[in-house]
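Asks: Quick one, input29.cif (mmCIF, C-alpha atoms and all ligand atoms):
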data_model
#
loop_
_atom_site.label_atom_id
_atom_site.label_comp_id
_atom_site.auth_asym_id
_atom_site.auth_seq_id
_atom_site.Cartn_x
_atom_site.Cartn_y
_atom_site.Cartn_z
CA MET A 9 23.62 -9.79 5.75
CA GLN A 10 22.27 -8.94 2.32
CA VAL A 11 18.71 -8.44 1.11
CA LEU A 12 17.80 -8.11 -2.57
CA VAL A 13 14.63 -6.09 -3.26
CA TYR A 14 12.78 -6.39 -6.59
CA GLY A 15 11.87 -2.85 -7.55
CA ALA A 16 14.06 0.24 -7.18
CA GLY A 17 11.65 2.96 -6.05
CA GLN A 18 11.15 4.78 -2.78
CA LEU A 19 10.17 1.66 -0.82
CA ALA A 20 13.46 -0.05 -1.70
CA GLN A 21 15.23 3.19 -0.77
CA MET A 22 13.54 3.27 2.64
CA MET A 23 14.39 -0.41 3.21
CA TYR A 24 18.00 0.40 2.35
CA LEU A 25 18.04 3.25 4.90
CA ALA A 26 16.54 0.97 7.57
CA GLY A 27 19.16 -1.67 6.79
CA VAL A 28 22.17 0.54 7.51
CA PRO A 29 21.98 0.50 11.35
CA LEU A 30 21.04 -3.20 11.30
CA GLY A 31 24.17 -4.03 9.29
CA ILE A 32 21.97 -5.31 6.46
CA ASP A 33 23.04 -4.31 2.97
CA VAL A 34 20.02 -3.78 0.71
CA GLN A 35 20.38 -3.94 -3.05
CA ALA A 36 17.62 -3.30 -5.57
CA VAL A 37 16.64 -4.87 -8.86
CA ASP A 38 15.51 -2.52 -11.62
CA VAL A 39 12.89 -4.90 -13.00
CA GLY A 40 12.76 -3.20 -16.42
CA SER A 41 16.45 -3.62 -17.24
CA GLU A 42 16.84 -6.67 -14.92
CA THR A 43 19.97 -5.11 -13.44
CA VAL A 44 21.10 -4.75 -9.84
CA VAL A 45 21.24 -1.14 -8.71
CA HIS A 46 21.95 0.91 -5.61
CA PRO A 47 18.56 1.66 -3.97
CA VAL A 48 19.35 5.36 -3.50
CA SER A 49 21.50 6.43 -6.46
CA LYS A 50 19.86 3.85 -8.78
CA GLN A 51 23.33 3.38 -10.32
CA PRO A 52 24.10 -0.15 -11.58
CA LEU A 53 26.18 -2.29 -9.21
CA ASP A 54 29.01 -4.39 -10.53
CA MET A 55 27.22 -7.76 -10.36
CA SER A 56 24.76 -9.77 -12.40
CA LEU A 57 21.26 -10.48 -11.14
CA MET A 58 22.20 -14.15 -10.70
CA GLN A 59 25.24 -13.21 -8.59
CA ALA A 60 23.09 -10.93 -6.44
CA ILE A 61 20.50 -13.69 -5.92
CA GLU A 62 23.21 -16.12 -4.85
CA ALA A 63 24.84 -13.61 -2.47
CA ALA A 64 21.58 -12.53 -0.79
CA ASP A 65 20.30 -13.95 2.50
CA ALA A 66 16.76 -13.00 1.50
CA LEU A 67 14.90 -11.78 -1.59
CA THR A 68 11.82 -9.60 -1.31
CA VAL A 69 9.70 -7.15 -3.33
CA GLU A 70 8.80 -3.47 -3.03
CA PHE A 71 5.83 -3.83 -5.38
CA GLU A 72 3.61 -6.68 -6.48
CA HIS A 73 3.78 -6.08 -10.23
CA VAL A 74 7.19 -7.72 -10.71
CA PRO A 75 7.27 -9.68 -14.00
CA GLU A 76 6.38 -13.30 -13.32
CA HIS A 77 9.53 -14.79 -14.88
CA LEU A 78 11.64 -12.76 -12.43
CA LEU A 79 9.53 -13.93 -9.49
CA GLU A 80 9.88 -17.54 -10.64
CA GLU A 81 13.65 -17.18 -10.88
CA ALA A 82 13.71 -15.58 -7.41
CA ALA A 83 11.48 -18.30 -5.93
CA LYS A 84 13.82 -21.02 -7.22
CA SER A 85 16.48 -19.76 -4.79
CA GLY A 86 14.19 -20.72 -1.89
CA LYS A 87 14.88 -17.28 -0.35
CA LEU A 88 11.92 -15.22 -1.67
CA MET A 89 9.81 -13.74 1.14
CA PRO A 90 6.87 -13.44 1.06
CA GLY A 91 6.37 -16.42 -1.24
CA ILE A 92 5.60 -16.21 -4.95
CA GLU A 93 1.96 -17.32 -4.52
CA THR A 94 1.34 -14.46 -2.12
CA ILE A 95 2.98 -11.87 -4.36
CA LEU A 96 0.88 -13.10 -7.29
CA VAL A 97 -2.26 -12.73 -5.15
CA GLY A 98 -1.33 -9.09 -4.54
CA ALA A 99 -0.74 -8.59 -8.27
CA ASP A 100 -3.97 -10.09 -9.51
CA ARG A 101 -7.38 -9.03 -8.23
CA VAL A 102 -9.04 -12.26 -9.39
CA ARG A 103 -6.65 -14.36 -7.27
CA GLU A 104 -6.99 -11.85 -4.45
CA LYS A 105 -10.78 -12.08 -4.30
CA HIS A 106 -10.55 -15.86 -4.53
CA LEU A 107 -8.19 -15.97 -1.56
CA LEU A 108 -10.39 -13.64 0.50
CA ASP A 109 -13.46 -15.75 -0.26
CA THR A 110 -11.61 -19.02 0.45
CA LEU A 111 -10.39 -17.72 3.82
CA LYS A 112 -13.88 -16.30 4.50
CA VAL A 113 -12.54 -12.77 4.96
CA ALA A 114 -15.28 -10.17 4.41
CA ASN A 115 -14.74 -8.12 1.27
CA CYS A 116 -16.62 -5.97 -1.22
CA PRO A 117 -19.45 -7.64 -3.25
CA HIS A 118 -17.90 -8.32 -6.66
CA GLN A 119 -17.97 -10.26 -9.92
CA VAL A 120 -15.25 -11.31 -12.34
CA VAL A 121 -15.93 -10.21 -15.92
CA THR A 122 -14.28 -11.83 -18.95
CA ASP A 123 -16.80 -10.58 -21.51
CA LEU A 124 -18.35 -7.10 -21.59
CA ALA A 125 -21.84 -8.60 -21.98
CA GLN A 126 -21.51 -9.79 -18.35
CA LEU A 127 -21.63 -6.15 -17.20
CA ASP A 128 -25.44 -6.22 -17.57
CA ASP A 129 -25.56 -9.00 -15.02
CA CYS A 130 -23.24 -7.01 -12.73
CA VAL A 131 -25.67 -4.08 -12.81
CA ALA A 132 -28.57 -6.46 -12.11
CA THR A 133 -26.88 -8.11 -9.11
CA LEU A 134 -24.51 -5.46 -7.71
CA GLY A 135 -26.47 -2.32 -8.61
CA GLU A 136 -25.75 0.58 -10.97
CA ARG A 137 -23.00 2.15 -8.87
CA LEU A 138 -19.92 0.13 -9.74
CA ILE A 139 -16.14 0.37 -9.69
CA ILE A 140 -14.60 -1.61 -12.51
CA LYS A 141 -10.99 -2.58 -11.94
CA ALA A 142 -8.49 -4.18 -14.32
CA SER A 143 -7.38 -7.35 -12.53
CA ARG A 144 -3.69 -6.65 -13.13
CA ASP A 145 -1.21 -3.77 -13.12
CA GLY A 146 -3.43 -1.15 -11.48
CA TYR A 147 -2.20 1.15 -8.69
CA ASP A 148 -3.01 4.62 -7.34
CA GLY A 149 -6.46 4.28 -8.93
CA TYR A 150 -5.10 3.72 -12.47
CA GLY A 151 -6.83 0.95 -14.43
CA GLN A 152 -10.23 1.76 -12.89
CA TRP A 153 -13.51 2.99 -14.29
CA ARG A 154 -16.66 4.08 -12.52
CA LEU A 155 -20.31 3.60 -13.36
CA THR A 156 -22.73 5.75 -11.38
CA ASP A 157 -25.82 5.40 -13.53
CA ALA A 158 -27.06 2.44 -15.59
CA SER A 159 -27.77 4.75 -18.54
CA ALA A 160 -23.99 5.21 -18.98
CA LEU A 161 -23.40 1.46 -19.31
CA GLU A 162 -23.30 1.31 -23.12
CA ALA A 163 -20.84 4.22 -23.29
CA LEU A 164 -18.67 2.49 -20.71
CA LYS A 165 -18.71 -0.75 -22.71
CA ALA A 166 -17.55 1.18 -25.78
CA GLN A 167 -14.74 2.69 -23.71
CA LEU A 168 -13.64 -0.77 -22.53
CA SER A 169 -14.03 -2.47 -25.91
CA SER A 170 -10.33 -2.46 -26.78
CA LEU A 171 -9.37 -4.42 -23.65
CA ASP A 172 -8.47 -8.11 -23.96
CA LEU A 173 -10.57 -9.47 -21.11
CA THR A 174 -9.58 -13.09 -21.65
CA ALA A 175 -5.96 -12.10 -20.94
CA VAL A 176 -6.75 -9.56 -18.18
CA PRO A 177 -10.28 -9.95 -16.77
CA LEU A 178 -12.07 -7.16 -14.93
CA VAL A 179 -13.12 -7.29 -11.31
CA VAL A 180 -16.35 -5.37 -10.93
CA GLU A 181 -17.12 -4.16 -7.41
CA GLN A 182 -20.14 -2.57 -5.87
CA MET A 183 -19.31 1.07 -5.13
CA LEU A 184 -19.46 1.10 -1.36
CA ASP A 185 -20.73 3.98 0.67
CA PHE A 186 -18.19 3.34 3.41
CA ASP A 187 -17.68 5.54 6.48
CA ARG A 188 -13.91 5.70 6.06
CA GLU A 189 -10.81 3.89 4.84
CA LEU A 190 -8.44 2.21 7.26
CA SER A 191 -5.45 -0.06 6.91
CA ILE A 192 -3.82 -2.59 9.14
CA ILE A 193 -0.13 -3.24 8.69
CA GLY A 194 1.66 -6.02 10.48
CA ILE A 195 4.57 -8.41 10.30
CA ARG A 196 4.83 -12.16 10.52
CA SER A 197 8.19 -13.75 11.31
CA LYS A 198 9.58 -17.01 9.94
CA SER A 199 8.57 -18.73 13.18
CA GLY A 200 4.98 -17.45 12.88
CA GLU A 201 5.12 -14.61 15.40
CA ILE A 202 2.75 -11.78 14.45
CA LYS A 203 2.89 -8.11 15.44
CA VAL A 204 0.55 -5.41 14.15
CA TYR A 205 0.73 -1.63 14.11
CA PRO A 206 -2.26 0.40 15.26
CA LEU A 207 -4.86 0.99 12.54
CA ALA A 208 -4.22 3.93 10.22
CA GLU A 209 -7.00 6.10 8.80
CA ASN A 210 -6.39 6.89 5.15
CA LEU A 211 -7.74 9.81 3.13
CA HIS A 212 -7.76 9.27 -0.62
CA HIS A 213 -8.28 11.77 -3.40
CA GLN A 214 -8.98 10.57 -6.95
CA GLY A 215 -7.95 7.01 -6.04
CA GLN A 216 -4.64 8.04 -4.49
CA LEU A 217 -3.58 8.13 -0.83
CA HIS A 218 -3.06 11.71 0.37
CA VAL A 219 -3.05 11.64 4.18
CA SER A 220 -2.79 8.91 6.83
CA VAL A 221 -3.44 9.42 10.53
CA ALA A 222 -2.28 6.79 12.98
CA PRO A 223 -3.53 5.54 15.30
CA ALA A 224 -6.89 6.14 13.63
CA THR A 225 -9.28 8.11 15.86
CA ASP A 226 -12.42 6.60 17.44
CA ILE A 227 -11.48 2.96 17.11
CA SER A 228 -13.39 0.64 19.42
CA ASP A 229 -11.80 -2.46 20.93
CA GLU A 230 -14.17 -4.54 18.77
CA LEU A 231 -12.92 -2.87 15.60
CA THR A 232 -9.27 -3.36 16.60
CA GLU A 233 -9.99 -6.99 17.31
CA GLN A 234 -11.76 -7.44 13.97
CA ALA A 235 -8.82 -5.90 12.09
CA GLN A 236 -6.31 -8.05 13.97
CA GLN A 237 -8.36 -11.14 13.24
CA ILE A 238 -8.44 -10.30 9.52
CA PHE A 239 -4.68 -9.75 9.54
CA THR A 240 -3.98 -13.01 11.36
CA THR A 241 -6.29 -15.04 9.11
CA LEU A 242 -4.57 -13.67 6.00
CA ALA A 243 -0.98 -13.84 7.26
CA GLU A 244 -1.40 -17.39 8.56
CA GLY A 245 -3.50 -18.45 5.57
CA MET A 246 -0.70 -17.41 3.21
CA ASP A 247 2.13 -18.60 5.51
CA TYR A 248 3.34 -15.04 5.14
CA VAL A 249 6.80 -13.75 6.09
CA GLY A 250 7.46 -9.99 6.22
CA VAL A 251 5.31 -6.88 6.34
CA LEU A 252 1.79 -7.23 4.94
CA ALA A 253 -0.64 -4.34 4.45
CA VAL A 254 -4.39 -4.81 4.34
CA GLU A 255 -6.57 -1.95 3.05
CA LEU A 256 -9.98 -1.84 4.72
CA PHE A 257 -13.31 -0.11 4.30
CA GLN A 258 -15.20 0.62 7.52
CA CYS A 259 -18.95 0.27 7.04
CA GLY A 260 -20.58 0.90 10.43
CA ASP A 261 -19.04 -1.59 12.84
CA LYS A 262 -17.93 -3.92 10.06
CA LEU A 263 -14.62 -4.04 8.19
CA LEU A 264 -14.40 -5.16 4.56
CA VAL A 265 -11.06 -5.84 2.89
CA ASN A 266 -10.41 -3.67 -0.18
CA GLU A 267 -7.06 -5.09 -1.22
CA LEU A 268 -3.79 -6.54 0.04
CA ALA A 269 -0.28 -5.27 -0.50
CA PRO A 270 2.34 -8.01 0.04
CA ARG A 271 4.97 -5.47 1.07
CA VAL A 272 5.67 -2.33 3.05
CA HIS A 273 2.95 0.22 2.35
CA ASN A 274 2.44 3.97 1.92
CA SER A 275 -0.05 4.05 4.81
CA GLY A 276 2.75 2.73 7.06
CA HIS A 277 5.27 5.50 6.36
CA TRP A 278 4.23 7.21 9.60
CA THR A 279 6.06 4.40 11.45
CA LEU A 280 9.40 5.93 10.36
CA THR A 281 9.00 8.63 12.99
CA GLY A 282 5.84 7.60 14.86
CA ALA A 283 6.46 4.04 16.06
CA ILE A 284 9.17 2.34 18.10
CA THR A 285 10.18 0.24 15.09
CA SER A 286 9.45 1.27 11.50
CA GLN A 287 7.73 -1.02 8.99
CA PHE A 288 10.96 -1.05 6.93
CA ASP A 289 13.07 -2.12 9.92
CA ASN A 290 10.53 -4.82 10.79
CA HIS A 291 10.30 -6.11 7.24
CA LEU A 292 14.08 -6.58 7.10
CA ARG A 293 14.06 -8.24 10.52
CA ALA A 294 11.36 -10.68 9.42
CA VAL A 295 12.92 -11.73 6.12
CA CYS A 296 16.37 -12.06 7.75
CA GLY A 297 15.01 -14.21 10.59
CA LEU A 298 15.78 -11.61 13.29
CA PRO A 299 13.52 -10.84 16.28
CA LEU A 300 10.66 -8.44 15.43
CA GLY A 301 10.60 -4.94 16.89
CA ASP A 302 7.92 -3.25 18.96
CA THR A 303 5.04 -1.85 16.87
CA VAL A 304 3.68 0.52 19.52
CA GLU A 305 3.14 4.14 18.48
CA LEU A 306 5.03 7.03 20.09
CA GLY A 307 1.98 9.30 19.90
CA PRO A 308 -0.53 10.42 17.27
CA SER A 309 1.10 10.79 13.82
CA ALA A 310 0.18 11.95 10.37
CA MET A 311 1.76 11.20 7.02
CA VAL A 312 1.15 13.61 4.15
CA ASN A 313 2.05 12.52 0.62
CA VAL A 314 3.74 15.03 -1.66
CA ILE A 315 2.13 14.27 -5.02
CA GLY A 316 3.24 15.74 -8.34
CA CYS A 317 4.63 18.80 -6.61
CA THR A 318 8.08 20.13 -5.76
CA GLY A 319 7.43 23.84 -5.30
CA PHE A 320 7.16 24.49 -1.57
CA SER A 321 9.36 25.98 1.09
CA ARG A 322 11.48 23.71 3.27
CA ASP A 323 10.59 26.09 6.12
CA LEU A 324 7.92 23.53 7.01
CA LEU A 325 10.76 21.75 8.83
CA SER A 326 10.52 24.45 11.51
CA ILE A 327 7.20 22.94 12.68
CA PRO A 328 8.12 20.83 15.73
CA GLY A 329 7.81 17.11 15.01
CA CYS A 330 7.71 17.66 11.24
CA HIS A 331 9.96 15.55 9.00
CA LEU A 332 10.39 15.52 5.25
CA HIS A 333 11.32 12.36 3.36
CA TRP A 334 12.25 13.06 -0.25
CA TYR A 335 12.47 10.26 -2.83
CA GLY A 336 14.72 12.03 -5.36
CA LYS A 337 12.48 11.38 -8.38
CA THR A 338 11.76 13.68 -11.31
CA VAL A 339 8.29 15.15 -11.15
CA ARG A 340 5.78 13.63 -13.58
CA GLY A 341 1.97 13.84 -13.37
CA LYS A 342 0.66 12.60 -10.06
CA ARG A 343 3.86 10.87 -9.01
CA LYS A 344 4.60 10.47 -5.31
CA MET A 345 7.64 12.71 -4.78
CA GLY A 346 8.05 12.34 -1.03
CA HIS A 347 6.13 12.44 2.21
CA ILE A 348 5.93 14.59 5.31
CA ASN A 349 5.57 12.96 8.71
CA VAL A 350 4.22 14.88 11.69
CA THR A 351 4.21 13.59 15.26
CA ALA A 352 2.47 15.12 18.26
CA ASP A 353 1.46 14.39 21.85
CA SER A 354 -2.28 14.66 21.22
CA TYR A 355 -4.67 14.67 18.27
CA GLN A 356 -5.44 18.34 18.91
CA GLU A 357 -1.77 19.23 18.75
CA LEU A 358 -1.47 17.11 15.60
CA GLY A 359 -4.36 19.08 14.11
CA ASN A 360 -2.65 22.38 14.99
CA LYS A 361 0.58 21.25 13.37
CA LEU A 362 -1.22 20.05 10.24
CA ALA A 363 -3.04 23.40 10.02
CA GLU A 364 0.32 25.18 10.18
CA LEU A 365 1.69 22.79 7.56
CA ALA A 366 -1.31 23.40 5.27
CA GLN A 367 -0.51 27.12 5.29
CA THR A 368 2.99 26.50 3.92
CA LEU A 369 1.85 24.15 1.12
CA PRO A 370 0.00 24.81 -2.16
CA GLU A 371 -3.63 23.84 -1.54
CA GLU A 372 -4.22 22.33 -5.00
CA ALA A 373 -1.57 19.66 -4.37
CA PHE A 374 -2.75 18.96 -0.80
CA PRO A 375 -6.54 19.09 -1.09
CA LYS A 376 -7.27 16.98 2.00
CA LEU A 377 -4.91 18.61 4.46
CA ALA A 378 -6.69 21.68 5.82
CA LYS A 379 -9.97 19.81 6.40
CA GLU A 380 -8.20 16.96 8.18
CA ALA A 381 -6.32 19.46 10.37
CA LYS A 382 -9.64 21.04 11.35
CA ARG A 383 -11.19 17.67 12.16
CA LEU A 384 -8.36 16.84 14.57
CA GLN A 385 -8.14 20.31 16.19
P1 LIG B 401 -3.33 1.38 -4.53
O1 LIG B 401 -2.46 2.53 -4.94
O2 LIG B 401 -3.84 1.50 -3.12
O3 LIG B 401 -2.78 0.05 -4.86
P2 LIG B 401 -5.36 0.73 -6.49
O4 LIG B 401 -5.21 1.39 -7.81
O5 LIG B 401 -4.93 -0.68 -6.37
O6 LIG B 401 -4.67 1.63 -5.39
P3 LIG B 401 -7.84 0.45 -4.97
O7 LIG B 401 -7.18 0.48 -3.65
O8 LIG B 401 -8.58 -0.76 -5.34
O9 LIG B 401 -6.88 0.86 -6.17
O10 LIG B 401 -8.83 1.70 -5.08
C1 LIG B 401 -8.33 3.03 -4.92
C2 LIG B 401 -9.33 3.82 -4.09
O11 LIG B 401 -10.58 3.88 -4.78
C3 LIG B 401 -9.66 3.19 -2.76
O12 LIG B 401 -8.69 3.52 -1.77
C4 LIG B 401 -11.02 3.84 -2.49
O13 LIG B 401 -10.88 5.19 -2.12
C5 LIG B 401 -11.66 3.81 -3.86
N1 LIG B 401 -12.40 2.53 -4.05
C6 LIG B 401 -11.89 1.37 -4.51
N2 LIG B 401 -12.81 0.39 -4.52
C7 LIG B 401 -13.95 0.93 -4.06
C8 LIG B 401 -15.29 0.43 -3.84
N3 LIG B 401 -15.63 -0.82 -4.12
N4 LIG B 401 -16.20 1.30 -3.35
C9 LIG B 401 -15.89 2.61 -3.10
N5 LIG B 401 -14.66 3.12 -3.27
C10 LIG B 401 -13.69 2.32 -3.74
MG MG B 402 -3.58 -1.68 -5.25
MG MG B 403 -5.51 0.49 -2.71
#
Please go through the file and, once you have read it, give me the structure as structure tokens.
Ligand code: ATP
Ligand code: MG
Ligand code: MG

Replies:
Amino acid sequence: MQVLVYGAGQLAQMMYLAGVPLGIDVQAVDVGSETVVHPVSKQPLDMSLMQAIEAADALTVEFEHVPEHLLEEAAKSGKLMPGIETILVGADRVREKHLLDTLKVANCPHQVVTDLAQLDDCVATLGERLIIKASRDGYDGYGQWRLTDASALEALKAQLSSLDLTAVPLVVEQMLDFDRELSIIGIRSKSGEIKVYPLAENLHHQGQLHVSVAPATDISDELTEQAQQIFTTLAEGMDYVGVLAVELFQCGDKLLVNELAPRVHNSGHWTLTGAITSQFDNHLRAVCGLPLGDTVELGPSAMVNVIGCTGFSRDLLSIPGCHLHWYGKTVRGKRKMGHINVTADSYQELGNKLAELAQTLPEEAFPKLAKEAKRLQ
């Protein structure tokens, strides 16, 4: 079988690796050059995009910001999973909020802004602590601005004045004082079967995911049920096929959806070593119409992102249950270079292993690690 993935980054690479034992050949589309490439070497393959589309059993995406004309061409084949509407929801915060509201899924209080003068009304209704997000093309916290004090509003407007808000509106959200960030990742098959992984707890730093722990600690049955209900409502509401990730804010005993990712997700990388079936394996199974694999965890796991950093000793591999997954990219700014997965038999042991790991890594690149280790110990 063949699967064509739009996007040629680390997620396509990890899908490729998951495809090998399944006998599924994964090819990637470099969406900039519109060429078909090998997902690991990124070298062009000897076929046109049209030939690759025709040869594939399924087409899918590794990121939501695929140019629309490519998505339309892919959708015409009838093999794009998830569907184009769903991918466009993930790529556009205005559509995303509309879907959440239509399906009555709790999310962050927000307003859509197409004219900077509307920001005054946002402050009046949502308060003076706001997160302002470009509706398109943002990721890892890029394309976001913060207002923490109404007196800074005019300066913020000046900063945003060059944006064309009729082309790309802003979504203005109330800055929530949440207890923590969680995510639920699951899979829906072509026949409508749904499986979900345990909730992951995600630690962000400057808008970027640094550490995930799964299963998240201190999760009540009610919270699990709430998350599963949210996932089911969204997956069924979109007639979704494949892996879907839902980012959540926990506020007391209530979950609010932050955003959706219509694809495999960074907060699910722990499943590579920490669950019976990885998210990449399950995504391929779903889009190829194969039976889904078990999503049960093997024990407590952590995933640590390696961000903008290459200089550390590979001796960390001597920590039992510690795995490195390197993406083979050149270092640039705060780019995700790889991740480290750690598995253990208990949270305390996981904490001990993370503490050991923190000692081998430069603290400035891993600012959340030592504190998280301590919490678990
Ligand atoms: P991703 O890389 O996950 O796609 P993104 O650029 O799309 O990131 P968001 O997930 O919307 O951005 O926001 C990034 C982070 O900023 C969140 O994980 C959270 O830590 C913080 N954040 C976003 N929205 C809010 C909010 N309304 N209130 C408080 N914090 C928020
Ligand atoms: Mg996002
Ligand atoms: Mg996010």

Asks: Which distance in Å separates CA of Glu209 in chain A and CA of Arg154 in chain A, to one decimal?

Replies: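 Computed distance, CA of Glu209 in chain A to CA of Arg154 in chain A, equals 23.5 Å.
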
Asks: Which residues come within 9 Å of Cys296 in chain A, counting only C-alpha atoms, excluding same-chain residues fewer than 6 positions away, as a list in words?

Replies: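 Returned residues: Met9, Gln10, Val11, Ile32, Asp65, Ala66 and Lys198 of chain A.
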
Asks: By how many Å are atom C5 of ligand LIG 401 (chain B) and CA of Gly149 in chain A apart?

Replies: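 Separation of atom C5 of ligand LIG 401 (chain B) and CA of Gly149 in chain A: 7.3 Å.
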
Asks: Could you list, as a PyMOL selection string, all residues that come within 12 Å of ligand MG 402 (chain B)? Count all atoms listed in the file.

Replies: chain A and resi 71-73+97-101+104+141-152+215-217+253-256+265-271+273-274

Asks: Measuring between all atoms listed in the file, which one of A:His77, A:Lys344, A:His46, A:Arg196 shows the shortest distance to ligand LIG 401 (chain B)?

Replies: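 Counting all atoms listed in the file, the residue closest to ligand LIG 401 (chain B) is A:Lys344.
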
Asks: Measuring between only C-alpha atoms and all ligand atoms, which one of A:Ser49, A:Gln214, A:Gln356, A:Gln119 shows the shortest distance to ligand MG 403 (chain B)?

Replies: A:Gln214

Asks: Please determine the residues with any atom at most 12 Å from (9.9, 20.9, 11.4) (coordinates as given in the file, with all atoms listed in the file counting) and report them as a PyMOL selection string.

Replies: chain A and resi 321-333+348-352+361-362+364-365+368

Asks: Find, counting all atoms listed in the file, the residue in A:Ser56, A:Ala373, A:Thr133, A:Thr68 that gets nearest to Arg343 in chain A.

Replies: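 Result for the nearest residue to Arg343 in chain A: A:Ala373.
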
Asks: What would the list of residues within 8 Å of (-23.0, 2.3, -7.2) (file frame) look like as a list in words, if all atoms listed in the file are what count?

Replies: Leu134, Gly135, Glu136, Arg137, Leu138, Ile139, Leu155, Thr156, Asp157, Gln182, Met183 and Leu184 of chain A

Asks: Need to verify the contact set: Val304 in chain A, 9 Å, all atoms listed in the file, exclusion of same-chain residues closer than 3 positions in sequence. Can you return it as a PDB file with C-alpha atoms, in the frame of the given file?

Replies:
ATOM      1  CA  VAL A 204       0.550  -5.410  14.150  1.00  0.00           C
ATOM      2  CA  TYR A 205       0.730  -1.630  14.110  1.00  0.00           C
ATOM      3  CA  PRO A 206      -2.260   0.400  15.260  1.00  0.00           C
ATOM      4  CA  GLY A 282       5.840   7.600  14.860  1.00  0.00           C
ATOM      5  CA  ALA A 283       6.460   4.040  16.060  1.00  0.00           C
ATOM      6  CA  ILE A 284       9.170   2.340  18.100  1.00  0.00           C
ATOM      7  CA  THR A 285      10.180   0.240  15.090  1.00  0.00           C
ATOM      8  CA  GLY A 307       1.980   9.300  19.900  1.00  0.00           C
TER       9      GLY A 307
END

Asks: Find the residues near range 231-245 of chain A: any atom within 7 Å, counting all atoms listed in the file, skip ones fewer than 6 places away on the same chain, and give them as a tab-separated table (two decimals) with C-alpha atoms, in the coordinates of the input.

Replies:
chain	number	residue	atom	x	y	z
A	113	VAL	CA	-12.54	-12.77	4.96
A	192	ILE	CA	-3.82	-2.59	9.14
A	196	ARG	CA	4.83	-12.16	10.52
A	261	ASP	CA	-19.04	-1.59	12.84

Asks: Start from the incomplete input, build N, CA and C atoms for range 252-263 of chain A, and deliver everything as a CSV table (one decimal), in the frame of the given file.

Replies:
chain,number,residue,atom,x,y,z
A,252,LEU,N,3.0,-7.1,5.8
A,252,LEU,CA,1.8,-7.2,4.9
A,252,LEU,C,0.9,-6.1,5.3
A,253,ALA,N,0.3,-5.4,4.2
A,253,ALA,CA,-0.6,-4.3,4.4
A,253,ALA,C,-2.0,-4.8,3.9
A,254,VAL,N,-3.0,-4.5,4.7
A,254,VAL,CA,-4.4,-4.8,4.3
A,254,VAL,C,-5.2,-3.5,4.3
A,255,GLU,N,-5.7,-3.1,3.2
A,255,GLU,CA,-6.6,-2.0,3.0
A,255,GLU,C,-8.0,-2.3,3.4
A,256,LEU,N,-8.6,-1.5,4.2
A,256,LEU,CA,-10.0,-1.8,4.7
A,256,LEU,C,-11.0,-0.7,4.5
A,257,PHE,N,-12.2,-1.1,4.3
A,257,PHE,CA,-13.3,-0.1,4.3
A,257,PHE,C,-14.1,-0.3,5.6
A,258,GLN,N,-14.3,0.7,6.3
A,258,GLN,CA,-15.2,0.6,7.5
A,258,GLN,C,-16.6,1.0,7.1
A,259,CYS,N,-17.5,0.0,7.3
A,259,CYS,CA,-19.0,0.3,7.0
A,259,CYS,C,-19.7,0.0,8.4
A,260,GLY,N,-20.0,1.1,9.1
A,260,GLY,CA,-20.6,0.9,10.4
A,260,GLY,C,-19.6,0.2,11.3
A,261,ASP,N,-20.0,-0.9,12.0
A,261,ASP,CA,-19.0,-1.6,12.8
A,261,ASP,C,-18.4,-2.8,12.1
A,262,LYS,N,-18.5,-2.8,10.8
A,262,LYS,CA,-17.9,-3.9,10.1
A,262,LYS,C,-16.8,-3.5,9.2
A,263,LEU,N,-15.7,-4.3,9.1
A,263,LEU,CA,-14.6,-4.0,8.2
A,263,LEU,C,-14.7,-5.0,7.0
